[in-house]
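One file, coords.txt, carrying compact mmCIF, C-alpha atoms:
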# COMPACT_ATOMS: atom_id res chain seq x y z
CA ALA B 220 0.00 0.00 0.00
CA LYS B 221 1.17 3.50 -0.79
CA LEU B 222 0.91 6.46 1.56
CA GLY B 223 -0.09 8.93 -1.13
CA PHE B 224 2.57 11.39 0.01
CA THR B 225 5.68 12.59 -1.76
CA LEU B 226 7.94 13.90 0.97
CA THR B 227 11.15 15.89 0.91
CA ASP B 228 13.97 15.07 3.29
CA ALA B 229 13.05 18.25 5.19
CA ALA B 230 9.44 17.09 5.63
CA ILE B 231 10.57 13.68 6.88
CA ASP B 232 12.93 15.35 9.35
CA ALA B 233 10.09 17.62 10.53
CA MET B 234 7.79 14.64 11.12
CA ILE B 235 10.52 12.86 13.08
CA GLU B 236 11.07 15.97 15.21
CA LYS B 237 7.32 16.27 15.83
CA ALA B 238 7.21 12.65 17.01
CA LYS B 239 10.20 13.33 19.28
CA GLU B 240 8.51 16.47 20.72
CA ARG B 241 5.52 14.39 21.71
CA GLY B 242 7.76 12.04 23.62
CA GLU B 243 6.76 9.28 21.29
CA TRP B 244 10.31 8.35 20.45
CA HIS B 245 12.60 5.84 22.06
CA ASP B 246 16.21 6.56 22.88
CA LEU B 247 18.08 4.15 20.73
CA ALA B 248 21.83 3.79 20.39
CA ASN B 249 21.66 5.26 16.90
CA ASP B 250 19.43 8.33 16.50
CA HIS B 251 18.64 7.16 12.97
CA GLU B 252 17.03 3.89 14.02
CA LEU B 253 13.37 3.29 14.75
CA ASP B 254 11.80 0.44 16.61
CA TYR B 255 8.22 -0.57 15.82
CA ASP B 256 6.60 1.72 18.44
CA ALA B 257 8.58 4.74 17.27
CA PHE B 258 7.68 4.00 13.66
CA VAL B 259 3.98 3.78 14.55
CA HIS B 260 4.16 7.17 16.31
CA PHE B 261 6.00 8.66 13.34
CA MET B 262 3.27 7.38 11.01
CA ARG B 263 0.57 8.82 13.26
CA VAL B 264 2.18 12.27 13.02
CA LEU B 265 2.53 11.89 9.27
CA HIS B 266 -1.15 11.03 8.80
CA GLU B 267 -2.44 13.70 11.21
CA ARG B 268 -0.67 16.33 9.14
CA ASP B 269 -1.08 14.72 5.71
CA GLY B 270 2.68 15.03 5.33
CA PHE B 271 2.81 18.81 5.87
CA THR B 272 5.33 20.53 8.12
CA ASP B 273 4.32 22.92 10.93
CA ALA B 274 5.01 25.95 8.74
CA GLU B 275 2.94 24.52 5.90
CA MET B 276 0.07 23.66 8.27
CA GLU B 277 0.13 27.20 9.68
CA GLU B 278 -0.03 28.68 6.17
CA ILE B 279 -2.85 26.34 5.12
CA THR B 280 -4.87 27.07 8.28
CA ALA B 281 -4.35 30.84 8.10
CA THR B 282 -5.39 30.88 4.46
CA PHE B 283 -8.48 28.78 5.18
CA VAL B 284 -9.56 31.06 8.04
CA LYS B 285 -8.95 34.18 5.93
CA PHE B 286 -11.24 32.94 3.17
CA ASP B 287 -13.94 31.58 5.48
CA GLU B 288 -15.69 34.95 5.36
CA ASP B 289 -18.94 33.80 6.95
CA GLY B 290 -17.21 31.77 9.67
CA SER B 291 -19.04 28.62 8.59
CA LYS B 292 -15.82 26.57 8.74
CA ASP B 293 -16.58 25.34 5.20
CA MET B 294 -15.33 26.48 1.79
CA ASP B 295 -17.42 26.20 -1.37
CA VAL B 296 -15.80 25.67 -4.78
CA ILE B 297 -15.72 29.40 -5.65
CA GLU B 298 -14.10 30.33 -2.32
CA LEU B 299 -11.69 27.45 -2.78
CA ASN B 300 -10.69 28.60 -6.26
CA ASP B 301 -10.25 32.18 -4.99
CA MET B 302 -8.15 30.88 -2.12
CA LEU B 303 -5.90 28.88 -4.46
CA HIS B 304 -5.41 31.98 -6.62
CA HIS B 305 -4.48 33.94 -3.49
CA MET B 306 -1.90 31.26 -2.65
CA GLY B 307 -0.29 31.77 -6.06
CA PHE B 308 -1.80 28.87 -7.99
CA THR B 309 -3.46 29.22 -11.38
CA THR B 310 -6.48 26.96 -11.34
CA HIS B 311 -9.76 26.68 -13.17
CA ILE B 312 -13.10 25.81 -11.61
CA ASP B 313 -13.24 22.48 -13.48
CA GLU B 314 -9.81 21.48 -12.06
CA VAL B 315 -10.93 22.45 -8.57
CA LEU B 316 -14.15 20.44 -8.98
CA VAL B 317 -12.18 17.35 -10.02
CA LEU B 318 -9.88 17.64 -7.00
CA LEU B 319 -12.83 18.44 -4.75
CA SER B 320 -14.72 15.35 -5.92
CA ARG B 321 -11.84 13.17 -4.71
CA ILE B 322 -12.27 14.26 -1.09
CA ASP B 323 -15.84 15.57 -0.75
CA TYR B 324 -17.26 12.32 0.57
CA ASN B 325 -20.63 13.75 1.55
CA SER B 326 -21.13 15.53 -1.83
CA SER B 327 -21.61 18.90 -0.14
CA ARG B 328 -19.29 20.59 -2.69
CA SER B 329 -17.58 22.28 0.24
CA LEU B 330 -14.60 21.55 2.47
CA SER B 331 -13.93 21.72 6.17
CA LEU B 332 -10.41 22.66 7.32
CA ARG B 333 -9.50 18.97 7.61
CA ASP B 334 -10.85 18.35 4.10
CA PHE B 335 -8.91 21.38 2.86
CA VAL B 336 -5.65 19.99 4.28
CA ARG B 337 -6.30 16.77 2.37
CA PHE B 338 -7.22 18.81 -0.72
CA MET B 339 -3.89 20.63 -0.48
CA ARG B 340 -2.11 17.26 -0.23
CA LEU B 341 -3.77 16.14 -3.48
CA HIS B 342 -2.84 19.45 -5.08
CA ARG B 343 0.77 19.09 -3.87
CA GLU B 344 0.94 15.54 -5.24
CA GLY B 345 -0.10 16.87 -8.65
CA GLN B 346 2.72 19.39 -8.46
CA MET B 347 5.20 16.73 -7.42
CA ARG B 348 4.18 14.44 -10.30
CA THR B 349 4.74 17.29 -12.76
CA VAL B 350 8.16 18.07 -11.30
CA LYS B 351 9.15 14.39 -11.19
CA ASP B 352 8.08 13.87 -14.80
CA LYS B 353 10.15 16.88 -15.88
CA PHE B 354 13.14 15.63 -13.88
CA ASN B 355 12.87 12.17 -15.45
CA GLN B 356 12.70 13.73 -18.92
CA ARG B 357 15.80 15.87 -18.37
CA LYS B 358 18.10 13.83 -16.10
CA GLY B 359 21.33 12.43 -17.44
CA ARG B 360 22.66 8.88 -17.39
CA GLU B 361 23.79 9.29 -13.79
CA GLY B 362 20.26 10.22 -12.71
CA VAL B 363 21.09 13.90 -12.04
CA MET B 364 20.78 17.24 -13.84
CA ASP B 365 23.58 19.76 -14.14
CA GLU B 366 22.92 23.41 -13.30
CA GLY B 367 22.16 24.45 -16.89
CA THR B 368 19.71 21.60 -17.40
CA THR B 369 18.11 22.38 -14.04
CA ARG B 370 17.58 26.02 -14.95
CA SER B 371 16.16 24.98 -18.32
CA ALA B 372 13.78 22.48 -16.69
CA LEU B 373 12.61 25.11 -14.19
CA THR B 374 12.00 27.57 -17.03
CA GLU B 375 9.95 24.93 -18.86
CA LEU B 376 7.96 24.21 -15.70
CA ALA B 377 7.32 27.91 -15.11
CA ALA B 378 6.15 28.40 -18.71
CA GLY B 379 4.19 25.16 -19.08
CA GLU B 380 0.46 24.74 -18.64
CA THR B 381 0.90 22.34 -15.72
CA ALA B 382 3.63 24.51 -14.22
CA ASN B 383 1.10 27.13 -13.24
CA LEU B 384 0.86 25.09 -10.03
CA MET B 385 4.28 26.49 -9.11
CA HIS B 386 4.16 28.98 -6.26
CA PRO B 387 5.56 32.46 -7.11
CA GLU B 388 8.20 32.10 -4.39
CA HIS B 389 9.74 29.30 -6.44
CA SER B 390 10.51 31.78 -9.23
CA LYS B 391 13.70 32.69 -7.33
CA LEU B 392 15.03 29.34 -8.54
CA LEU B 393 15.11 30.86 -12.01
CA ASP B 394 17.29 33.74 -10.79
CA ARG B 395 20.82 33.21 -12.12
CA ASP B 396 22.25 34.33 -8.75
CA PHE B 397 20.35 31.71 -6.75
CA PRO B 398 22.70 28.91 -5.72
CA LEU B 399 21.11 25.64 -6.84
CA ASN B 400 22.82 23.71 -4.06
CA GLU B 401 20.34 25.43 -1.73
CA ALA B 402 17.39 23.85 -3.55
CA ILE B 403 15.50 21.13 -1.68
CA LYS B 404 16.73 17.61 -2.35
CA MET B 405 13.83 15.25 -2.94
CA ARG B 406 13.80 11.48 -2.63

Go ahead and express the file in the form of structure tokens.
Amino acid sequence: AKLGFTLTDAAIDAMIEKAKERGEWHDLANDHELDYDAFVHFMRVLHERDGFTDAEMEEITATFVKFDEDGSKDMDVIELNDMLHHMGFTTHIDEVLVLLSRIDYNSSRSLSLRDFVRFMRLHREGQMRTVKDKFNQRKGREGVMDEGTTRSALTELAAGETANLMHPEHSKLLDRDFPLNEAIKMR
């Protein structure tokens, strides 16, 4: 069975730290080893947060609250689309309806905060698939991209129809002065 999450090393580290903060971690001789109980606690943290870090959860929650104008604690499809635009994503109502249908189990065509977190996970997975596909298209024989190929791939992602899922903050990766060794390494 698959988790349905694509996680960066940073996200994995954040989930481990969250499990440690809760005291749900055993002191083992090697800090990089997990016994069964520790692994179960780690997985609980992962599922509670749908793979998002604290900072990402804070941003998602703050955005949800901001766009819940009537305080109903639910978002309809129009509010959801507006919210995604505010977050820097270019989406169309039909795309939002498709994503919404995957998590709106009661067919209300609206989302609670918990549903919205899951919605954002699905949205993130779409982004990650697009990025992974581009990486696989452009990587060399050694399974890596050099700096020039990386910049070219990022430009293609930023210009492509599916790349409109890229957050504006990621445009700094296209800046020639941005050191690529600072980019997030993904598994």

Nearest residue to Thr225 of chain B from the set B:Asp334, B:Leu265, B:Gly362, B:Asp313 (distances using all atoms listed in the file) | B:Leu265

Which of these, B:Phe354, B:Arg268, B:Ala281, B:Asp232, has the shortest distance to Thr368 of chain B once you count all atoms listed in the file?
-> B:Phe354

For the atom pair atom CA of Val296 of chain B and atom CA of Ile312 of chain B, what is the interatomic distance in Å to one decimal place?
->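 Going from atom CA of Val296 of chain B over to atom CA of Ile312 of chain B, I get 7.3 Å.
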
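Take atom CA of Met306 of chain B and atom CA of Gly290 of chain B: the distance between them is 19.7 Å.
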
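Atom CA of Asp273 of chain B sits 24.3 Å away from atom CA of Tyr255 of chain B.
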
Complete the atoms of segment 353-364 of chain B to all heavy atoms and put them out as a tab-separated table (two decimals), in the frame of the given file.
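For reference, part_1.tsv as written:
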chain	number	residue	atom	x	y	z
B	353	LYS	N	9.18	16.00	-15.23
B	353	LYS	CA	10.15	16.88	-15.88
B	353	LYS	C	11.57	16.44	-15.54
B	353	LYS	O	12.45	16.39	-16.42
B	353	LYS	CB	9.93	18.34	-15.47
B	353	LYS	CG	10.88	19.34	-16.12
B	353	LYS	CD	10.85	19.30	-17.63
B	353	LYS	CE	9.55	19.76	-18.21
B	353	LYS	NZ	9.51	19.72	-19.68
B	354	PHE	N	11.82	16.10	-14.29
B	354	PHE	CA	13.14	15.63	-13.88
B	354	PHE	C	13.51	14.37	-14.67
B	354	PHE	O	14.62	14.26	-15.21
B	354	PHE	CB	13.19	15.35	-12.38
B	354	PHE	CG	14.52	14.81	-11.93
B	354	PHE	CD1	15.59	15.65	-11.67
B	354	PHE	CD2	14.70	13.44	-11.78
B	354	PHE	CE1	16.82	15.15	-11.28
B	354	PHE	CE2	15.93	12.92	-11.39
B	354	PHE	CZ	16.99	13.78	-11.14
B	355	ASN	N	12.60	13.42	-14.75
B	355	ASN	CA	12.87	12.17	-15.45
B	355	ASN	C	13.12	12.40	-16.94
B	355	ASN	O	13.92	11.68	-17.55
B	355	ASN	CB	11.75	11.16	-15.24
B	355	ASN	CG	11.77	10.58	-13.84
B	355	ASN	OD1	12.81	10.51	-13.18
B	355	ASN	ND2	10.61	10.17	-13.36
B	356	GLN	N	12.47	13.40	-17.52
B	356	GLN	CA	12.70	13.73	-18.92
B	356	GLN	C	14.09	14.32	-19.14
B	356	GLN	O	14.70	14.09	-20.18
B	356	GLN	CB	11.68	14.76	-19.41
B	356	GLN	CG	10.28	14.28	-19.55
B	356	GLN	CD	9.32	15.44	-19.82
B	356	GLN	OE1	9.72	16.58	-20.01
B	356	GLN	NE2	8.03	15.13	-19.84
B	357	ARG	N	14.59	15.08	-18.18
B	357	ARG	CA	15.80	15.87	-18.37
B	357	ARG	C	17.05	15.31	-17.70
B	357	ARG	O	18.15	15.76	-17.99
B	357	ARG	CB	15.57	17.29	-17.86
B	357	ARG	CG	14.42	18.05	-18.50
B	357	ARG	CD	14.58	18.26	-20.00
B	357	ARG	NE	15.78	18.94	-20.38
B	357	ARG	CZ	15.90	20.23	-20.61
B	357	ARG	NH1	14.86	21.01	-20.48
B	357	ARG	NH2	17.04	20.75	-20.95
B	358	LYS	N	16.93	14.33	-16.82
B	358	LYS	CA	18.10	13.83	-16.10
B	358	LYS	C	19.06	13.12	-17.05
B	358	LYS	O	18.66	12.59	-18.09
B	358	LYS	CB	17.69	12.90	-14.96
B	358	LYS	CG	17.11	11.57	-15.43
B	358	LYS	CD	16.66	10.72	-14.27
B	358	LYS	CE	16.04	9.42	-14.79
B	358	LYS	NZ	15.54	8.60	-13.71
B	359	GLY	N	20.31	13.10	-16.65
B	359	GLY	CA	21.33	12.43	-17.44
B	359	GLY	C	21.44	10.96	-17.07
B	359	GLY	O	20.66	10.43	-16.28
B	360	ARG	N	22.44	10.31	-17.64
B	360	ARG	CA	22.66	8.88	-17.39
B	360	ARG	C	22.88	8.57	-15.92
B	360	ARG	O	22.54	7.49	-15.44
B	360	ARG	CB	23.86	8.37	-18.17
B	360	ARG	CG	23.60	8.25	-19.63
B	360	ARG	CD	24.79	7.61	-20.32
B	360	ARG	NE	24.53	7.52	-21.73
B	360	ARG	CZ	25.43	7.76	-22.65
B	360	ARG	NH1	26.66	8.09	-22.32
B	360	ARG	NH2	25.10	7.66	-23.92
B	361	GLU	N	23.50	9.50	-15.20
B	361	GLU	CA	23.79	9.29	-13.79
B	361	GLU	C	22.59	9.56	-12.89
B	361	GLU	O	22.66	9.44	-11.67
B	361	GLU	CB	24.97	10.18	-13.34
B	361	GLU	CG	26.26	9.92	-14.09
B	361	GLU	CD	26.30	10.64	-15.44
B	361	GLU	OE1	25.66	11.69	-15.58
B	361	GLU	OE2	26.95	10.12	-16.36
B	362	GLY	N	21.47	9.96	-13.49
B	362	GLY	CA	20.26	10.22	-12.71
B	362	GLY	C	20.24	11.60	-12.07
B	362	GLY	O	19.48	11.82	-11.13
B	363	VAL	N	21.05	12.54	-12.57
B	363	VAL	CA	21.09	13.90	-12.04
B	363	VAL	C	21.03	14.90	-13.19
B	363	VAL	O	21.23	14.55	-14.35
B	363	VAL	CB	22.37	14.15	-11.19
B	363	VAL	CG1	22.39	13.25	-9.98
B	363	VAL	CG2	23.62	13.97	-12.02
B	364	MET	N	20.75	16.16	-12.86
B	364	MET	CA	20.78	17.24	-13.84
B	364	MET	C	21.87	18.21	-13.45
B	364	MET	O	22.02	18.53	-12.26
B	364	MET	CB	19.44	18.00	-13.86
B	364	MET	CG	18.27	17.18	-14.35
B	364	MET	SD	16.75	18.15	-14.65
B	364	MET	CE	16.42	18.86	-13.05
